[in-house]
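Trainee: File protein07.cif below, mmCIF, C-alpha atoms:
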data_query
loop_
_atom_site.label_atom_id
_atom_site.label_comp_id
_atom_site.auth_asym_id
_atom_site.auth_seq_id
_atom_site.Cartn_x
_atom_site.Cartn_y
_atom_site.Cartn_z
CA MET M 1 14.37 -82.09 -64.43
CA ILE M 2 14.16 -79.31 -61.85
CA THR M 3 10.73 -77.79 -61.28
CA TYR M 4 10.95 -74.11 -60.34
CA ASN M 5 8.50 -72.43 -57.97
CA THR M 6 7.43 -70.11 -60.77
CA GLN M 7 6.22 -73.16 -62.68
CA GLN M 8 4.13 -74.48 -59.79
CA LYS M 9 0.67 -73.48 -58.63
CA ARG M 10 0.55 -69.97 -57.24
CA MET M 11 0.29 -69.89 -53.45
CA PRO M 12 -2.47 -67.74 -51.90
CA LEU M 13 -0.26 -67.00 -48.85
CA PRO M 14 3.39 -67.42 -49.87
CA GLU M 15 4.65 -66.34 -46.43
CA TYR M 16 3.93 -69.88 -45.16
CA GLY M 17 6.08 -71.48 -47.84
CA ARG M 18 5.59 -74.25 -50.37
CA SER M 19 5.84 -77.06 -47.80
CA ILE M 20 2.84 -75.85 -45.78
CA GLN M 21 0.85 -75.33 -48.98
CA ASN M 22 1.64 -78.90 -50.05
CA MET M 23 0.35 -80.14 -46.67
CA VAL M 24 -2.89 -78.21 -47.16
CA ASP M 25 -3.26 -79.68 -50.65
CA HIS M 26 -2.72 -83.16 -49.18
CA ALA M 27 -5.38 -82.56 -46.52
CA LEU M 28 -7.88 -81.89 -49.29
CA THR M 29 -7.32 -85.40 -50.63
CA ILE M 30 -7.96 -87.19 -47.30
CA GLU M 31 -11.35 -88.89 -47.42
CA ASN M 32 -11.71 -89.82 -43.74
CA ARG M 33 -13.11 -86.79 -41.90
CA ALA M 34 -11.49 -87.56 -38.54
CA GLU M 35 -8.10 -88.07 -40.15
CA ARG M 36 -8.59 -84.90 -42.18
CA GLN M 37 -9.36 -83.00 -38.96
CA ARG M 38 -6.18 -84.30 -37.29
CA CYS M 39 -4.17 -83.27 -40.34
CA ALA M 40 -5.65 -79.77 -40.20
CA ASN M 41 -4.79 -79.44 -36.50
CA THR M 42 -1.20 -80.49 -37.23
CA ILE M 43 -0.94 -77.95 -40.04
CA ILE M 44 -2.20 -75.19 -37.74
CA ASN M 45 0.47 -76.07 -35.16
CA MET M 46 3.20 -75.96 -37.80
CA MET M 47 1.91 -72.64 -39.13
CA GLY M 48 2.03 -71.22 -35.61
CA ASN M 49 5.62 -72.44 -35.15
CA LEU M 50 6.68 -70.29 -38.09
CA PHE M 51 5.72 -67.14 -36.14
CA PRO M 52 6.46 -67.84 -32.44
CA HIS M 53 6.74 -64.13 -31.66
CA LEU M 54 3.03 -63.72 -32.48
CA ARG M 55 1.72 -66.36 -30.10
CA ASP M 56 0.62 -63.77 -27.53
CA VAL M 57 -1.13 -61.61 -30.12
CA PRO M 58 -4.92 -61.60 -29.60
CA ASP M 59 -6.84 -63.73 -32.12
CA PHE M 60 -3.60 -65.25 -33.43
CA LYS M 61 -5.13 -68.73 -33.54
CA HIS M 62 -8.23 -67.38 -35.23
CA LYS M 63 -6.09 -65.82 -37.96
CA LEU M 64 -4.28 -69.12 -38.52
CA TRP M 65 -7.57 -70.91 -39.16
CA ASP M 66 -8.62 -68.10 -41.50
CA HIS M 67 -5.36 -68.55 -43.40
CA LEU M 68 -5.83 -72.32 -43.56
CA ALA M 69 -9.25 -71.81 -45.14
CA ILE M 70 -7.78 -69.37 -47.65
CA MET M 71 -4.92 -71.72 -48.56
CA ALA M 72 -7.45 -74.51 -49.10
CA ASP M 73 -9.59 -72.23 -51.28
CA PHE M 74 -12.39 -72.74 -48.71
CA LYS M 75 -12.78 -76.38 -49.85
CA LEU M 76 -11.46 -78.08 -46.69
CA ASP M 77 -14.42 -79.82 -45.01
CA ILE M 78 -13.49 -79.82 -41.30
CA ASP M 79 -14.84 -78.50 -38.01
CA TYR M 80 -13.32 -75.05 -37.63
CA PRO M 81 -13.03 -73.88 -34.00
CA TYR M 82 -13.76 -70.33 -35.16
CA GLU M 83 -16.01 -68.72 -37.73
CA VAL M 84 -13.56 -68.27 -40.57
CA VAL M 85 -13.56 -65.39 -43.00
CA ARG M 86 -15.94 -65.71 -45.96
CA LYS M 87 -14.50 -65.99 -49.45
CA GLU M 88 -16.59 -63.15 -50.86
CA LYS M 89 -15.28 -60.82 -48.16
CA LEU M 90 -11.74 -61.15 -49.53
CA THR M 91 -12.71 -59.68 -52.89
CA CYS M 92 -14.98 -56.84 -51.77
CA LYS M 93 -13.51 -53.35 -51.74
CA PRO M 94 -13.33 -51.41 -48.47
CA ASP M 95 -15.46 -48.34 -47.97
CA PRO M 96 -13.79 -45.16 -49.25
CA VAL M 97 -11.98 -43.11 -46.61
CA PRO M 98 -13.72 -39.77 -46.11
CA TYR M 99 -11.19 -36.98 -46.59
CA PRO M 100 -11.84 -33.43 -45.40
CA ASN M 101 -12.78 -31.12 -48.23
CA ALA M 102 -12.53 -27.89 -46.25
CA HIS M 103 -10.95 -25.03 -48.16
CA ILE M 104 -7.68 -23.85 -46.57
CA ARG M 105 -6.95 -20.23 -47.38
CA TYR M 106 -3.24 -20.41 -46.57
CA ARG M 107 -1.95 -23.94 -46.85
CA HIS M 108 1.35 -23.20 -45.08
CA TYR M 109 -0.64 -22.46 -41.91
CA GLY M 110 -2.89 -25.49 -42.23
CA HIS M 111 -6.45 -26.16 -41.14
CA SER M 112 -5.66 -26.39 -37.41
CA ILE M 113 -4.45 -22.78 -37.24
CA GLU M 114 -7.64 -21.58 -38.91
CA GLU M 115 -9.70 -23.52 -36.37
CA LEU M 116 -7.72 -22.05 -33.45
CA ILE M 117 -8.17 -18.56 -34.83
CA LYS M 118 -11.91 -19.17 -35.06
CA ILE M 119 -11.97 -20.32 -31.42
CA ALA M 120 -9.90 -17.34 -30.27
CA SER M 121 -12.23 -14.95 -32.11
CA GLU M 122 -15.20 -16.20 -30.12
CA LEU M 123 -13.54 -16.03 -26.69
CA PRO M 124 -14.33 -13.11 -24.37
CA GLU M 125 -11.62 -10.55 -23.77
CA GLY M 126 -9.13 -11.61 -21.12
CA ASP M 127 -5.92 -13.49 -20.38
CA GLU M 128 -7.16 -16.74 -21.90
CA LYS M 129 -7.85 -15.08 -25.23
CA GLN M 130 -4.57 -13.14 -25.19
CA ASN M 131 -2.52 -16.26 -24.47
CA LEU M 132 -4.28 -18.28 -27.16
CA VAL M 133 -3.76 -15.56 -29.78
CA ALA M 134 -0.08 -15.28 -28.80
CA LEU M 135 0.29 -19.05 -29.11
CA VAL M 136 -1.40 -19.04 -32.51
CA CYS M 137 0.76 -16.19 -33.81
CA ASN M 138 3.96 -17.92 -32.72
CA HIS M 139 2.83 -21.05 -34.53
CA MET M 140 1.98 -18.98 -37.59
CA LYS M 141 5.52 -17.59 -37.60
CA LYS M 142 6.98 -21.08 -37.26
CA ASP M 143 4.77 -22.48 -40.04
CA TYR M 144 5.60 -19.52 -42.26
CA MET M 145 9.33 -20.12 -41.73
CA THR M 146 8.93 -23.76 -42.75
CA TRP M 147 8.12 -22.68 -46.30
CA ASN M 148 9.97 -19.37 -46.38
CA LYS M 149 13.57 -19.60 -45.15
CA ASP M 150 13.85 -15.82 -44.77
CA THR M 151 12.82 -14.04 -41.61
CA VAL M 152 9.11 -13.37 -41.32
CA ASP M 153 7.87 -9.84 -40.67
CA ASP M 154 5.40 -9.40 -37.79
CA ARG M 155 3.35 -7.20 -40.11
CA LYS M 156 2.75 -10.20 -42.38
CA ILE M 157 1.53 -12.27 -39.43
CA SER M 158 -0.65 -9.36 -38.33
CA GLU M 159 -2.23 -9.03 -41.78
CA ASP M 160 -2.89 -12.78 -42.06
CA LEU M 161 -4.32 -12.92 -38.53
CA TYR M 162 -6.67 -10.03 -39.30
CA GLU M 163 -7.80 -11.66 -42.56
CA LEU M 164 -8.26 -15.19 -41.18
CA SER M 165 -10.23 -13.89 -38.18
CA GLY M 166 -12.52 -11.80 -40.36
CA GLY M 167 -11.18 -8.61 -38.77
CA LYS M 168 -11.88 -9.77 -35.20
CA LEU M 169 -8.24 -10.21 -34.11
CA GLN M 170 -5.36 -7.79 -34.39
CA LEU M 171 -1.69 -8.12 -33.47
CA THR M 172 -1.10 -5.40 -30.87
CA ASP M 173 2.05 -4.34 -29.05
CA ASP M 174 0.86 -6.17 -25.95
CA LEU M 175 0.45 -9.36 -27.96
CA LEU M 176 3.95 -8.98 -29.43
CA LYS M 177 5.37 -8.72 -25.90
CA LEU M 178 3.38 -11.76 -24.81
CA MET M 179 4.63 -13.71 -27.83
CA ALA M 180 8.24 -12.85 -26.97
CA HIS M 181 7.64 -13.79 -23.34
CA ARG M 182 6.24 -17.22 -24.32
CA ILE M 183 9.32 -17.87 -26.46
CA ASP M 184 11.59 -16.93 -23.54
CA VAL M 185 9.71 -19.20 -21.16
CA TYR M 186 9.19 -22.27 -23.34
CA TYR M 187 12.18 -22.29 -25.71
CA ARG M 188 15.21 -20.27 -24.71
CA PRO M 189 15.84 -21.56 -21.15
CA LYS M 190 16.80 -24.97 -22.56
CA THR M 191 20.07 -23.50 -23.85
CA ASN M 192 20.96 -22.12 -20.40
CA VAL M 193 20.10 -25.44 -18.76
CA GLN M 194 22.34 -27.27 -21.22
CA ASN M 195 25.19 -24.79 -20.65
CA ASN M 196 24.91 -25.22 -16.87
CA ARG M 197 24.92 -28.98 -17.28
CA ASN M 198 28.03 -28.84 -19.47
CA SER M 199 29.75 -26.58 -16.92
CA ARG M 200 28.99 -29.04 -14.12
CA ASN M 201 30.42 -31.89 -16.20
CA VAL M 202 33.64 -29.93 -16.86
CA ASN M 203 34.04 -29.07 -13.16
CA PHE M 204 33.40 -32.70 -12.20
CA LYS M 205 36.14 -33.90 -14.56
CA ARG M 206 38.60 -31.28 -13.26
CA ASN M 207 37.95 -32.26 -9.63
CA ASN M 208 38.50 -35.93 -10.47
CA LYS M 209 41.87 -35.15 -12.02
CA HIS M 210 43.12 -33.48 -8.85
CA GLN M 211 42.09 -36.41 -6.65
#
Spell out the structure here as structure tokens.
Mentor:
Amino acid sequence: MITYNTQQKRMPLPEYGRSIQNMVDHALTIENRAERQRCANTIINMMGNLFPHLRDVPDFKHKLWDHLAIMADFKLDIDYPYEVVRKEKLTCKPDPVPYPNAHIRYRHYGHSIEELIKIASELPEGDEKQNLVALVCNHMKKDYMTWNKDTVDDRKISEDLYELSGGKLQLTDDLLKLMAHRIDVYYRPKTNVQNNRNSRNVNFKRNNKHQ
């Protein structure tokens, strides 16, 4: 009568397969300690052969011995070359991940934009402050467009900037010009570069045809 895997003992680490688990179970029955140690070393080598691409991973051998202890339910009395993981550590819950609880006034802008606006508000007047505010406003427009597929009015950005800065920052005509200039410098030239590259490729192909 065929015995299905679902009818057999559940494996702690099924990725090693039933054969390796059977070897570990056999090692538990060996009474001679030296022989039991040799059996454990052989099992470790076979476990490592199942994942040859991980041989150069740091602590790979250490993890194999940890897994052997787990598969033996920590009952295998041998000399481990490493300090293996403790059984109680496997059942303890990890510490909760601390999530930020800061209130975001406009979620489509995100927390980073609010932090940048706060930094810009505290900067002294000058080019550094103007460039940072222009950068922030351009990002506000991009973030706004992510959630609103229509075009965004500069007046809306101006109102939100004024509100988020507590009235310390305003979108002036000079800032609008600087915003447009930054877009020209950092975004639009890529199209011209691509067009020039395509033109060179076309000319190269035409010259080759005439040769």
Trainee: Would you mind reading off the distance between CA of Met145 in chain M and CA of Asn101 in chain M, one decimal, in Å?
Mentor: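 One can read the CA of Met145 in chain M to CA of Asn101 in chain M distance as 25.5 Å.
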Trainee: Taking 6 positions as the minimum chain separation for residues in the same chain, which residues sit within 12 Å of range 84-98 of chain M when counting only C-alpha atoms? Answer as a PyMOL selection string.
Mentor: chain M and resi 12+59+61-76+78
Trainee: Translate the PyMOL selection byres ((chain M and resi 164-166) around 8) into a concrete residue list for this structure, as a list in words.
Mentor: Glu114, Ile117, Lys118, Ser121, Asp160, Leu161, Tyr162, Glu163, Gly167, Lys168 and Leu169 of chain M
Trainee: Work out how far CA of Glu115 in chain M is from CA of Asp153 in chain M, in Å to one decimal.
Mentor: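 CA of Asp153 in chain M sits 22.7 Å away from CA of Glu115 in chain M.
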Trainee: Decode the PyMOL selection byres ((chain M and resi 140) around 12) for the given file into explicit residues and return them as a ChimeraX atom specification.
Mentor: /M:106-114,116-117,133-139,141-148,152-154,156-161,164,179
Trainee: Write to file, as a PDB file, in the coordinates of the input, the residues of the selection just made, with C-alpha atoms.
Mentor:
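result15.pdb, written as the output of this step:
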ATOM      1  CA  TYR M 106      -3.240 -20.410 -46.570  1.00  0.00           C
ATOM      2  CA  ARG M 107      -1.950 -23.940 -46.850  1.00  0.00           C
ATOM      3  CA  HIS M 108       1.350 -23.200 -45.080  1.00  0.00           C
ATOM      4  CA  TYR M 109      -0.640 -22.460 -41.910  1.00  0.00           C
ATOM      5  CA  GLY M 110      -2.890 -25.490 -42.230  1.00  0.00           C
ATOM      6  CA  HIS M 111      -6.450 -26.160 -41.140  1.00  0.00           C
ATOM      7  CA  SER M 112      -5.660 -26.390 -37.410  1.00  0.00           C
ATOM      8  CA  ILE M 113      -4.450 -22.780 -37.240  1.00  0.00           C
ATOM      9  CA  GLU M 114      -7.640 -21.580 -38.910  1.00  0.00           C
ATOM     10  CA  LEU M 116      -7.720 -22.050 -33.450  1.00  0.00           C
ATOM     11  CA  ILE M 117      -8.170 -18.560 -34.830  1.00  0.00           C
ATOM     12  CA  VAL M 133      -3.760 -15.560 -29.780  1.00  0.00           C
ATOM     13  CA  ALA M 134      -0.080 -15.280 -28.800  1.00  0.00           C
ATOM     14  CA  LEU M 135       0.290 -19.050 -29.110  1.00  0.00           C
ATOM     15  CA  VAL M 136      -1.400 -19.040 -32.510  1.00  0.00           C
ATOM     16  CA  CYS M 137       0.760 -16.190 -33.810  1.00  0.00           C
ATOM     17  CA  ASN M 138       3.960 -17.920 -32.720  1.00  0.00           C
ATOM     18  CA  HIS M 139       2.830 -21.050 -34.530  1.00  0.00           C
ATOM     19  CA  LYS M 141       5.520 -17.590 -37.600  1.00  0.00           C
ATOM     20  CA  LYS M 142       6.980 -21.080 -37.260  1.00  0.00           C
ATOM     21  CA  ASP M 143       4.770 -22.480 -40.040  1.00  0.00           C
ATOM     22  CA  TYR M 144       5.600 -19.520 -42.260  1.00  0.00           C
ATOM     23  CA  MET M 145       9.330 -20.120 -41.730  1.00  0.00           C
ATOM     24  CA  THR M 146       8.930 -23.760 -42.750  1.00  0.00           C
ATOM     25  CA  TRP M 147       8.120 -22.680 -46.300  1.00  0.00           C
ATOM     26  CA  ASN M 148       9.970 -19.370 -46.380  1.00  0.00           C
ATOM     27  CA  VAL M 152       9.110 -13.370 -41.320  1.00  0.00           C
ATOM     28  CA  ASP M 153       7.870  -9.840 -40.670  1.00  0.00           C
ATOM     29  CA  ASP M 154       5.400  -9.400 -37.790  1.00  0.00           C
ATOM     30  CA  LYS M 156       2.750 -10.200 -42.380  1.00  0.00           C
ATOM     31  CA  ILE M 157       1.530 -12.270 -39.430  1.00  0.00           C
ATOM     32  CA  SER M 158      -0.650  -9.360 -38.330  1.00  0.00           C
ATOM     33  CA  GLU M 159      -2.230  -9.030 -41.780  1.00  0.00           C
ATOM     34  CA  ASP M 160      -2.890 -12.780 -42.060  1.00  0.00           C
ATOM     35  CA  LEU M 161      -4.320 -12.920 -38.530  1.00  0.00           C
ATOM     36  CA  LEU M 164      -8.260 -15.190 -41.180  1.00  0.00           C
ATOM     37  CA  MET M 179       4.630 -13.710 -27.830  1.00  0.00           C
TER      38      MET M 179
END
Trainee: Enter the distance from CA of Thr29 in chain M to CA of Arg55 in chain M, in Å, rounded to one decimal.
Mentor: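 So the answer is 29.4 Å.
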Trainee: Which of these, M:Asp150, M:Ser19, M:Asp77, M:Ala120, has the shortest distance to Glu35 in chain M once you count all atoms listed in the file?
Mentor: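 Comparing M:Asp150, M:Ser19, M:Asp77, M:Ala120 against Glu35 in chain M, the winner is M:Asp77.
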Trainee: Reconstruct N, CA and C atoms of range 24-53 of chain M from the incomplete input and present them as a compact mmCIF listing (two decimals), in the frame of the given file.
Mentor:
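Below you can see out.txt, which holds the result:
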# COMPACT_ATOMS: atom_id res chain seq x y z
N VAL M 24 -1.48 -78.58 -47.03
CA VAL M 24 -2.89 -78.21 -47.16
C VAL M 24 -3.50 -78.92 -48.36
N ASP M 25 -2.76 -78.98 -49.45
CA ASP M 25 -3.26 -79.68 -50.65
C ASP M 25 -3.47 -81.16 -50.35
N HIS M 26 -2.57 -81.75 -49.55
CA HIS M 26 -2.72 -83.16 -49.18
C HIS M 26 -3.95 -83.37 -48.31
N ALA M 27 -4.21 -82.44 -47.40
CA ALA M 27 -5.38 -82.56 -46.52
C ALA M 27 -6.66 -82.59 -47.32
N LEU M 28 -6.69 -81.91 -48.44
CA LEU M 28 -7.88 -81.89 -49.29
C LEU M 28 -8.17 -83.26 -49.91
N THR M 29 -7.14 -84.09 -49.99
CA THR M 29 -7.32 -85.40 -50.63
C THR M 29 -7.69 -86.50 -49.63
N ILE M 30 -7.65 -86.20 -48.32
CA ILE M 30 -7.96 -87.19 -47.30
C ILE M 30 -9.48 -87.38 -47.23
N GLU M 31 -9.92 -88.61 -47.39
CA GLU M 31 -11.35 -88.89 -47.42
C GLU M 31 -11.95 -89.04 -46.03
N ASN M 32 -11.20 -89.62 -45.09
CA ASN M 32 -11.71 -89.82 -43.74
C ASN M 32 -11.75 -88.49 -43.00
N ARG M 33 -12.93 -88.12 -42.51
CA ARG M 33 -13.11 -86.79 -41.90
C ARG M 33 -12.28 -86.64 -40.62
N ALA M 34 -12.25 -87.66 -39.79
CA ALA M 34 -11.49 -87.56 -38.54
C ALA M 34 -10.00 -87.40 -38.82
N GLU M 35 -9.51 -88.18 -39.78
CA GLU M 35 -8.10 -88.07 -40.15
C GLU M 35 -7.81 -86.70 -40.76
N ARG M 36 -8.75 -86.22 -41.56
CA ARG M 36 -8.59 -84.90 -42.18
C ARG M 36 -8.55 -83.80 -41.12
N GLN M 37 -9.36 -83.97 -40.06
CA GLN M 37 -9.36 -83.00 -38.96
C GLN M 37 -8.03 -83.00 -38.22
N ARG M 38 -7.48 -84.21 -37.96
CA ARG M 38 -6.18 -84.30 -37.29
C ARG M 38 -5.09 -83.67 -38.14
N CYS M 39 -5.16 -83.87 -39.43
CA CYS M 39 -4.17 -83.27 -40.34
C CYS M 39 -4.25 -81.75 -40.30
N ALA M 40 -5.46 -81.22 -40.26
CA ALA M 40 -5.65 -79.77 -40.20
C ALA M 40 -5.09 -79.20 -38.91
N ASN M 41 -5.32 -79.89 -37.79
CA ASN M 41 -4.79 -79.44 -36.50
C ASN M 41 -3.26 -79.42 -36.52
N THR M 42 -2.66 -80.43 -37.14
CA THR M 42 -1.20 -80.49 -37.23
C THR M 42 -0.67 -79.34 -38.08
N ILE M 43 -1.36 -79.06 -39.17
CA ILE M 43 -0.94 -77.95 -40.04
C ILE M 43 -1.00 -76.63 -39.29
N ILE M 44 -2.06 -76.43 -38.50
CA ILE M 44 -2.20 -75.19 -37.74
C ILE M 44 -1.03 -75.04 -36.76
N ASN M 45 -0.65 -76.12 -36.10
CA ASN M 45 0.47 -76.07 -35.16
C ASN M 45 1.77 -75.71 -35.88
N MET M 46 1.98 -76.26 -37.04
CA MET M 46 3.20 -75.96 -37.80
C MET M 46 3.18 -74.52 -38.32
N MET M 47 2.02 -74.04 -38.71
CA MET M 47 1.91 -72.64 -39.13
C MET M 47 2.24 -71.70 -37.97
N GLY M 48 1.75 -72.04 -36.78
CA GLY M 48 2.03 -71.22 -35.61
C GLY M 48 3.50 -71.22 -35.24
N ASN M 49 4.19 -72.36 -35.47
CA ASN M 49 5.62 -72.44 -35.15
C ASN M 49 6.47 -71.54 -36.04
N LEU M 50 5.93 -71.18 -37.19
CA LEU M 50 6.68 -70.29 -38.09
C LEU M 50 6.73 -68.86 -37.56
N PHE M 51 5.78 -68.51 -36.68
CA PHE M 51 5.72 -67.14 -36.14
C PHE M 51 5.57 -67.20 -34.62
N PRO M 52 6.58 -67.71 -33.90
CA PRO M 52 6.46 -67.84 -32.44
C PRO M 52 6.32 -66.51 -31.72
N HIS M 53 6.82 -65.44 -32.31
CA HIS M 53 6.74 -64.13 -31.66
C HIS M 53 5.32 -63.56 -31.68
